[in-house]
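Asks: For reference, this is entry37.pdb, and it has PDB, C-alpha atoms.
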```pdb
ATOM      1  CA  MET A 194      37.411  28.770  13.350
ATOM      2  CA  SER A 195      34.699  28.325  10.731
ATOM      3  CA  SER A 196      34.045  31.221   8.357
ATOM      4  CA  ILE A 197      30.508  29.885   7.798
ATOM      5  CA  VAL A 198      27.897  31.494  10.022
ATOM      6  CA  ALA A 199      24.843  29.576  11.230
ATOM      7  CA  ARG A 200      21.449  31.138  10.673
ATOM      8  CA  THR A 201      19.632  32.447  13.716
ATOM      9  CA  GLY A 202      16.160  33.793  14.419
ATOM     10  CA  ARG A 203      12.729  32.841  13.132
ATOM     11  CA  GLN A 204      11.926  35.696  10.753
ATOM     12  CA  LEU A 205      11.870  33.384   7.710
ATOM     13  CA  GLN A 206      10.592  30.267   9.468
ATOM     14  CA  ARG A 207       7.910  28.266   7.625
ATOM     15  CA  TYR A 208       4.794  26.957   9.369
ATOM     16  CA  ASP A 209       2.063  24.581   8.297
ATOM     17  CA  ASN A 210      -1.152  24.786  10.314
ATOM     18  CA  LYS A 211       0.790  26.094  13.351
ATOM     19  CA  LEU A 212       3.440  23.374  13.062
ATOM     20  CA  ARG A 213       7.009  24.594  12.646
ATOM     21  CA  LEU A 214       8.483  23.018   9.498
ATOM     22  CA  VAL A 215      11.812  21.300  10.077
ATOM     23  CA  SER A 216      14.250  19.684   7.642
ATOM     24  CA  GLY A 217      17.140  17.344   8.372
ATOM     25  CA  CYS A 218      19.088  14.352   7.170
ATOM     26  CA  ILE A 219      20.868  11.150   8.071
ATOM     27  CA  PRO A 220      24.459  11.651   6.877
ATOM     28  CA  TYR A 221      26.221   8.428   5.897
ATOM     29  CA  ARG A 222      29.438   7.066   4.443
ATOM     30  CA  LEU A 223      30.639   3.686   3.175
ATOM     31  CA  VAL A 224      33.634   2.248   5.017
ATOM     32  CA  LYS A 225      35.581  -0.472   3.232
ATOM     33  CA  THR A 226      37.693  -3.077   4.971
ATOM     34  CA  GLU A 227      39.537  -6.077   3.568
ATOM     35  CA  ASP A 228      36.518  -8.372   3.622
ATOM     36  CA  LEU A 229      33.440  -6.164   3.781
ATOM     37  CA  GLU A 230      31.837  -2.790   3.197
ATOM     38  CA  LYS A 231      29.737  -1.247   5.935
ATOM     39  CA  ILE A 232      27.598   1.854   6.325
ATOM     40  CA  GLU A 233      28.277   4.379   9.067
ATOM     41  CA  VAL A 234      25.919   7.217   9.953
ATOM     42  CA  LEU A 235      26.783  10.521  11.594
ATOM     43  CA  MET A 236      25.059  11.825  14.719
ATOM     44  CA  VAL A 237      25.629  15.028  16.681
ATOM     45  CA  SER A 238      25.103  15.905  20.326
ATOM     46  CA  SER A 239      22.349  18.252  21.429
ATOM     47  CA  PRO A 240      23.521  21.476  23.104
ATOM     48  CA  ASN A 241      23.544  21.138  26.916
ATOM     49  CA  ARG A 242      22.155  17.601  26.721
ATOM     50  CA  ASP A 243      23.491  14.058  26.434
ATOM     51  CA  ASP A 244      21.277  13.232  23.422
ATOM     52  CA  MET A 245      22.717  12.182  20.095
ATOM     53  CA  VAL A 246      20.532  13.295  17.184
ATOM     54  CA  PHE A 247      20.624  13.733  13.426
ATOM     55  CA  PRO A 248      21.247  17.223  12.006
ATOM     56  CA  LYS A 249      18.007  19.122  11.530
ATOM     57  CA  GLY A 250      16.483  22.551  11.986
ATOM     58  CA  GLY A 251      13.981  25.071  10.736
ATOM     59  CA  TRP A 252      13.043  25.164   7.051
ATOM     60  CA  GLU A 253      12.997  28.805   5.977
ATOM     61  CA  SER A 254      11.003  30.618   3.298
ATOM     62  CA  ASP A 255      13.987  31.493   1.071
ATOM     63  CA  GLU A 256      15.119  27.887   0.563
ATOM     64  CA  THR A 257      13.794  24.531  -0.567
ATOM     65  CA  VAL A 258      13.342  21.705   1.906
ATOM     66  CA  GLU A 259      16.406  20.013   0.363
ATOM     67  CA  GLU A 260      18.513  23.152   0.744
ATOM     68  CA  ALA A 261      17.454  23.402   4.380
ATOM     69  CA  ALA A 262      18.548  19.805   5.028
ATOM     70  CA  ARG A 263      21.978  20.416   3.475
ATOM     71  CA  ARG A 264      22.384  23.680   5.408
ATOM     72  CA  GLU A 265      21.574  22.028   8.721
ATOM     73  CA  ALA A 266      24.069  19.241   8.003
ATOM     74  CA  LEU A 267      26.741  21.853   7.381
ATOM     75  CA  GLU A 268      25.892  24.034  10.387
ATOM     76  CA  GLU A 269      25.383  21.289  12.972
ATOM     77  CA  ALA A 270      27.643  18.481  11.757
ATOM     78  CA  GLY A 271      30.150  20.197   9.491
ATOM     79  CA  VAL A 272      29.531  17.943   6.495
ATOM     80  CA  ARG A 273      28.602  18.491   2.868
ATOM     81  CA  GLY A 274      27.221  15.887   0.530
ATOM     82  CA  ILE A 275      24.647  14.665  -1.948
ATOM     83  CA  LEU A 276      21.004  14.157  -1.044
ATOM     84  CA  LYS A 277      19.901  10.742  -2.331
ATOM     85  CA  GLY A 278      16.350  11.072  -3.636
ATOM     86  CA  ASN A 279      13.402  12.674  -1.881
ATOM     87  CA  ALA A 280      12.525  12.663   1.803
ATOM     88  CA  LEU A 281      12.451   9.423   3.758
ATOM     89  CA  GLY A 282       9.226  10.598   5.316
ATOM     90  CA  VAL A 283       7.539  13.248   7.418
ATOM     91  CA  TRP A 284       7.122  13.087  11.179
ATOM     92  CA  GLU A 285       5.216  15.230  13.679
ATOM     93  CA  PHE A 286       6.699  15.831  17.117
ATOM     94  CA  ARG A 287       6.983  18.453  19.851
ATOM     95  CA  SER A 288       9.965  20.404  21.090
ATOM     96  CA  LYS A 289      11.529  18.833  24.155
ATOM     97  CA  SER A 290      10.585  21.782  26.374
ATOM     98  CA  LYS A 291       6.896  21.274  25.408
ATOM     99  CA  GLN A 292       6.736  17.517  25.990
ATOM    100  CA  GLU A 293       3.924  17.744  28.518
ATOM    101  CA  ALA A 294       1.940  20.362  26.603
ATOM    102  CA  CYS A 295      -1.544  19.456  25.411
ATOM    103  CA  SER A 296      -1.699  22.241  22.829
ATOM    104  CA  GLU A 297      -0.131  22.771  19.412
ATOM    105  CA  GLU A 298       2.485  25.067  20.928
ATOM    106  CA  GLY A 299       5.922  23.682  20.267
ATOM    107  CA  GLY A 300       4.704  21.320  17.526
ATOM    108  CA  CYS A 301       7.007  20.502  14.619
ATOM    109  CA  LYS A 302       6.653  18.742  11.299
ATOM    110  CA  GLY A 303       9.961  17.368  10.073
ATOM    111  CA  TYR A 304      11.255  15.989   6.769
ATOM    112  CA  MET A 305      14.298  13.702   6.838
ATOM    113  CA  PHE A 306      16.616  12.937   3.913
ATOM    114  CA  VAL A 307      19.561  10.667   3.159
ATOM    115  CA  LEU A 308      22.840  12.558   2.718
ATOM    116  CA  GLU A 309      25.874  10.844   1.177
ATOM    117  CA  VAL A 310      28.777  12.712   2.771
ATOM    118  CA  THR A 311      31.469  13.892   0.352
ATOM    119  CA  GLU A 312      33.275  16.395   2.589
ATOM    120  CA  GLU A 313      33.871  16.594   6.341
ATOM    121  CA  LEU A 314      35.030  19.987   7.597
ATOM    122  CA  GLU A 315      37.493  20.441  10.445
ATOM    123  CA  ALA A 316      35.677  23.612  11.566
ATOM    124  CA  TRP A 317      31.961  24.330  11.333
ATOM    125  CA  PRO A 318      29.502  26.875  12.775
ATOM    126  CA  GLU A 319      28.179  24.882  15.753
ATOM    127  CA  GLN A 320      31.308  22.930  16.670
ATOM    128  CA  ASN A 321      31.509  24.637  20.083
ATOM    129  CA  ASN A 322      28.043  23.388  21.004
ATOM    130  CA  ARG A 323      27.979  19.986  19.329
ATOM    131  CA  ASN A 324      30.137  16.905  19.080
ATOM    132  CA  ARG A 325      29.822  14.593  16.095
ATOM    133  CA  LYS A 326      30.340  10.859  15.944
ATOM    134  CA  TRP A 327      30.377   8.276  13.152
ATOM    135  CA  MET A 328      28.838   4.949  14.124
ATOM    136  CA  VAL A 329      27.471   1.708  12.735
ATOM    137  CA  MET A 330      23.728   1.228  12.449
ATOM    138  CA  GLU A 331      23.410  -0.888  15.596
ATOM    139  CA  GLU A 332      24.988   1.843  17.724
ATOM    140  CA  ALA A 333      22.836   4.522  16.099
ATOM    141  CA  PHE A 334      19.652   2.603  16.893
ATOM    142  CA  ALA A 335      20.796   2.195  20.505
ATOM    143  CA  LEU A 336      21.471   5.932  20.863
ATOM    144  CA  CYS A 337      18.170   7.092  19.357
ATOM    145  CA  ARG A 338      16.192   8.478  22.271
ATOM    146  CA  TYR A 339      13.100   9.239  20.207
ATOM    147  CA  GLU A 340      10.896   6.855  18.294
ATOM    148  CA  TRP A 341      10.726   9.107  15.208
ATOM    149  CA  MET A 342      14.511   8.826  14.853
ATOM    150  CA  ARG A 343      14.369   5.037  14.947
ATOM    151  CA  ASP A 344      11.602   5.104  12.333
ATOM    152  CA  ALA A 345      13.750   7.335  10.111
ATOM    153  CA  LEU A 346      16.680   4.920  10.497
ATOM    154  CA  LYS A 347      14.442   2.016   9.510
ATOM    155  CA  GLU A 348      13.442   3.888   6.346
ATOM    156  CA  PHE A 349      17.128   4.638   5.748
ATOM    157  CA  GLU A 350      17.903   0.904   5.906
ATOM    158  CA  LYS A 351      15.148   0.166   3.406
ATOM    159  CA  VAL A 352      16.341   2.654   0.795
ATOM    160  CA  THR A 353      20.032   1.815   1.104
ATOM    161  CA  GLY A 354      19.399  -1.927   0.878
ATOM    162  CA  LYS A 355      23.139  -2.712   1.328
ATOM    163  CA  GLY A 356      23.814  -1.042  -2.007
ATOM    164  CA  LYS A 357      21.924  -3.576  -4.085
ATOM    165  CA  LYS A 358      18.267  -2.640  -4.048
ATOM    166  CA  GLU A 359      16.148   0.140  -5.423
ATOM    167  CA  SER A 360      13.524   1.588  -3.150
ATOM    168  CA  LYS A 361      10.684   3.751  -4.404
ATOM    169  CA  HIS A 362       8.326   5.725  -2.239
ATOM    170  CA  GLU A 363       6.174   8.765  -2.562
ATOM    171  CA  MET A 364       4.501  11.199  -0.246
ATOM    172  CA  VAL A 365       2.376  14.312  -0.382
ATOM    173  CA  VAL A 366       3.641  17.568   1.075
ATOM    174  CA  GLU A 367       1.310  20.539   1.338
ATOM    175  CA  ILE A 368       2.779  23.764   2.678
ATOM    176  CA  LYS A 369       0.431  26.279   4.262
ATOM    177  CA  GLU A 370       2.256  29.376   5.427
ATOM    178  CA  ASP A 371       1.218  30.694   8.841
ATOM    179  CA  LYS A 372       3.616  33.540   9.522
ATOM    180  CA  ALA A 373       1.504  34.960  12.325
ATOM    181  CA  VAL A 374       2.421  32.064  14.605
ATOM    182  CA  LYS A 375       5.424  32.660  16.862
ATOM    183  CA  GLN A 376       7.391  29.785  18.303
ATOM    184  CA  GLU A 377      10.112  29.749  20.927
ATOM    185  CA  GLY A 378      13.678  28.744  20.135
ATOM    186  CA  GLU A 379      13.743  25.168  21.397
ATOM    187  CA  ASP A 380      15.312  22.310  19.463
ATOM    188  CA  CYS A 381      12.572  19.900  18.364
ATOM    189  CA  GLN A 382      12.912  16.360  19.700
ATOM    190  CA  LEU A 383       9.867  14.514  21.062
ATOM    191  CA  MET A 384       7.573  13.064  18.459
ATOM    192  CA  SER A 385       4.281  11.344  17.785
ATOM    193  CA  THR A 386       4.547   8.305  15.541
ATOM    194  CA  ASN A 387       1.321   8.828  13.622
ATOM    195  CA  CYS A 388       2.923  10.422  10.568
ATOM    196  CA  HIS A 389       5.692   8.581   8.756
ATOM    197  CA  VAL A 390       6.391   6.887   5.462
ATOM    198  CA  ASN A 391       6.523   3.122   5.397
ATOM    199  CA  GLY A 392       6.582   1.967   1.816
ATOM    200  CA  PRO A 393       4.165   3.587  -0.697
ATOM    201  CA  LEU A 394       2.122   6.136   1.200
ATOM    202  CA  MET A 395       0.106   9.255   0.619
ATOM    203  CA  ALA A 396       0.907  11.242   3.758
ATOM    204  CA  THR A 397      -1.532  13.616   5.378
ATOM    205  CA  TYR A 398       0.087  16.813   4.212
ATOM    206  CA  GLY A 399       0.772  17.679   0.806
ATOM    207  CA  VAL A 400       2.780  18.741  -3.338
ATOM    208  CA  MET A 401       3.536  15.308  -4.745
ATOM    209  CA  LEU A 402       7.143  14.265  -4.188
ATOM    210  CA  PRO A 403       7.837  10.978  -6.010
ATOM    211  CA  ALA A 404      11.049   9.375  -4.843
ATOM    212  CA  SER A 405      13.286   6.805  -6.501
ATOM    213  CA  ILE A 406      16.537   6.107  -4.709
ATOM    214  CA  LEU A 407      19.067   3.798  -6.304
ATOM    215  CA  PHE A 408      22.312   2.827  -4.550
TER
END
```
For this file, produce the structure as structure tokens.
Replies:
Amino acid sequence: MSSIVARTGRQLQRYDNKLRLVSGCIPYRLVKTEDLEKIEVLMVSSPNRDDMVFPKGGWESDETVEEAARREALEEAGVRGILKGNALGVWEFRSKSKQEACSEEGGCKGYMFVLEVTEELEAWPEQNNRNRKWMVMEEAFALCRYEWMRDALKEFEKVTGKGKKESKHEMVVEIKEDKAVKQEGEDCQLMSTNCHVNGPLMATYGVMLPASILF
């Protein structure tokens, strides 16, 4: 049983203009065979659902967005590692229980990072609610139920570049605390595709975060 305890509650949750701020990552590893080297990414199951998703969760006021991404990887997937550069991008989406809502209730704004896995734990906080699975990129794309996840994977492919290319991108991140807003405890899934990084971009919300990722 894991001695690490997952965070619960929303007392420290960050909000930006009524959007719950979320941080997550795409964990990856390099697998070498006799004649090639391939990238595998790690996905986890959603509690009580058949979805496979990337580790992510609420970004809280006592941590940086990078610390939140690493924490979620540890809590949900049981992995530790090194974040490679700044965020792949920022996406806006709604929690799956609010998919039909026409209001801002249930809205999320999520930042996704690349995490090079250096340690995989046998026990982790959410292992009773989540299964984890390593897979090649083609399988990951096929299992992505939401468009924002596929977009994040595409950005992941660009910055990894099969280990031979350098990818630079930048985005603007502006954090406006709105602690008066209360959100329910749903896991955020459904997205709108109008906010993502695709090459050099000044995103809608913003502090400048220049990124230079070299593999």
Asks: Measuring atom to atom with all atoms listed in the file, identify which of A:Asn324, A:Thr353, A:Asn279, A:Thr257 is nearest to Met305 (chain A).
Replies: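 That would be A:Asn279, the residue with the smallest distance to Met305 (chain A).
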Asks: Between CA of Leu212 (chain A) and CA of Ala270 (chain A), what is the spacing in Å?
Replies: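 Going from CA of Ala270 (chain A) over to CA of Leu212 (chain A), I get 24.7 Å.
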Asks: Any chance you could work out the residue set of the PyMOL selection byres ((chain A and resi 241-252) around 7) here, as a list in words?
Replies: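 Evaluating the PyMOL selection byres ((chain A and resi 241-252) around 7) on this file yields Gln206, Arg207, Leu214, Val215, Ser216, Gly217, Cys218, Ile219, Met236, Val237, Ser238, Ser239, Pro240, Glu253, Ser254, Val258, Ala261, Ala262, Glu265, Ala266, Glu269, Ala270, Leu336 and Cys337 of chain A.
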Asks: May I ask which of the residues A:Ala280, A:Arg264, A:Asn322, A:Cys301 is the closest one to Tyr208 (chain A), counting only C-alpha atoms?
Replies: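 Nearest to Tyr208 (chain A): A:Cys301.
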Asks: Leaving out Arg343 (chain A) and any residue of its chain fewer than 6 positions from it, which residues lie within 9 Å of it when counting only C-alpha atoms, given as a VMD selection string?
Replies: chain A and resid 333 to 335 337
Asks: Might I get the box with edges along x, y and z of the file that holds all atoms of region 208-219 of chain A listed there, padded by 5 Å on every side, given as centre and edge lengths in Å to one decimal, as AutoDock Vina command-line options?
Replies:
```
--center_x 9.9 --center_y 19.1 --center_z 10.3 --size_x 32.0 --size_y 25.8 --size_z 16.2
```
Asks: Please report the interatomic distance between CA of Glu331 (chain A) and CA of Leu308 (chain A) in Å with one decimal.
Replies: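 Here the two named atoms are 18.6 Å from each other.
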Asks: What residues come out when you apply the PyMOL selection byres ((chain A and resi 233) around 7) to this file, written as a ChimeraX atom specification?
Replies: /A:221-223,231-232,234-235,327-330
Asks: I need the residue nearest Trp341 (chain A) from this list: A:Leu281, A:Leu276, A:Val307, A:Leu314. Use all atoms listed in the file for the distance.
Replies: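 Among the listed residues, the smallest separation from Trp341 (chain A) belongs to A:Leu281.
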Asks: CA of Arg287 (chain A) to CA of Lys302 (chain A): how many Å, to one decimal?
Replies: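 CA of Lys302 (chain A) lies at a distance of 8.6 Å from CA of Arg287 (chain A).
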Asks: Given the choices A:Arg273, A:Gly300, A:Gly282, A:Glu260, which gets closest to Asp209 (chain A) if the distance is worked out from only C-alpha atoms?
Replies: A:Gly300
Asks: List, as a list in words, every residue that the PyMOL selection byres ((chain A and resi 274) around 8) selects in the file provided.
Replies: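 After applying the PyMOL selection byres ((chain A and resi 274) around 8), what remains is Arg263, Val272, Arg273, Ile275, Leu276, Leu308, Glu309, Val310, Thr311 and Glu312 of chain A.
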Asks: Nearest residue to Glu268 (chain A) out of A:Arg325, A:Lys347, A:Lys225, A:Lys211, using all atoms listed in the file?
Replies: A:Arg325
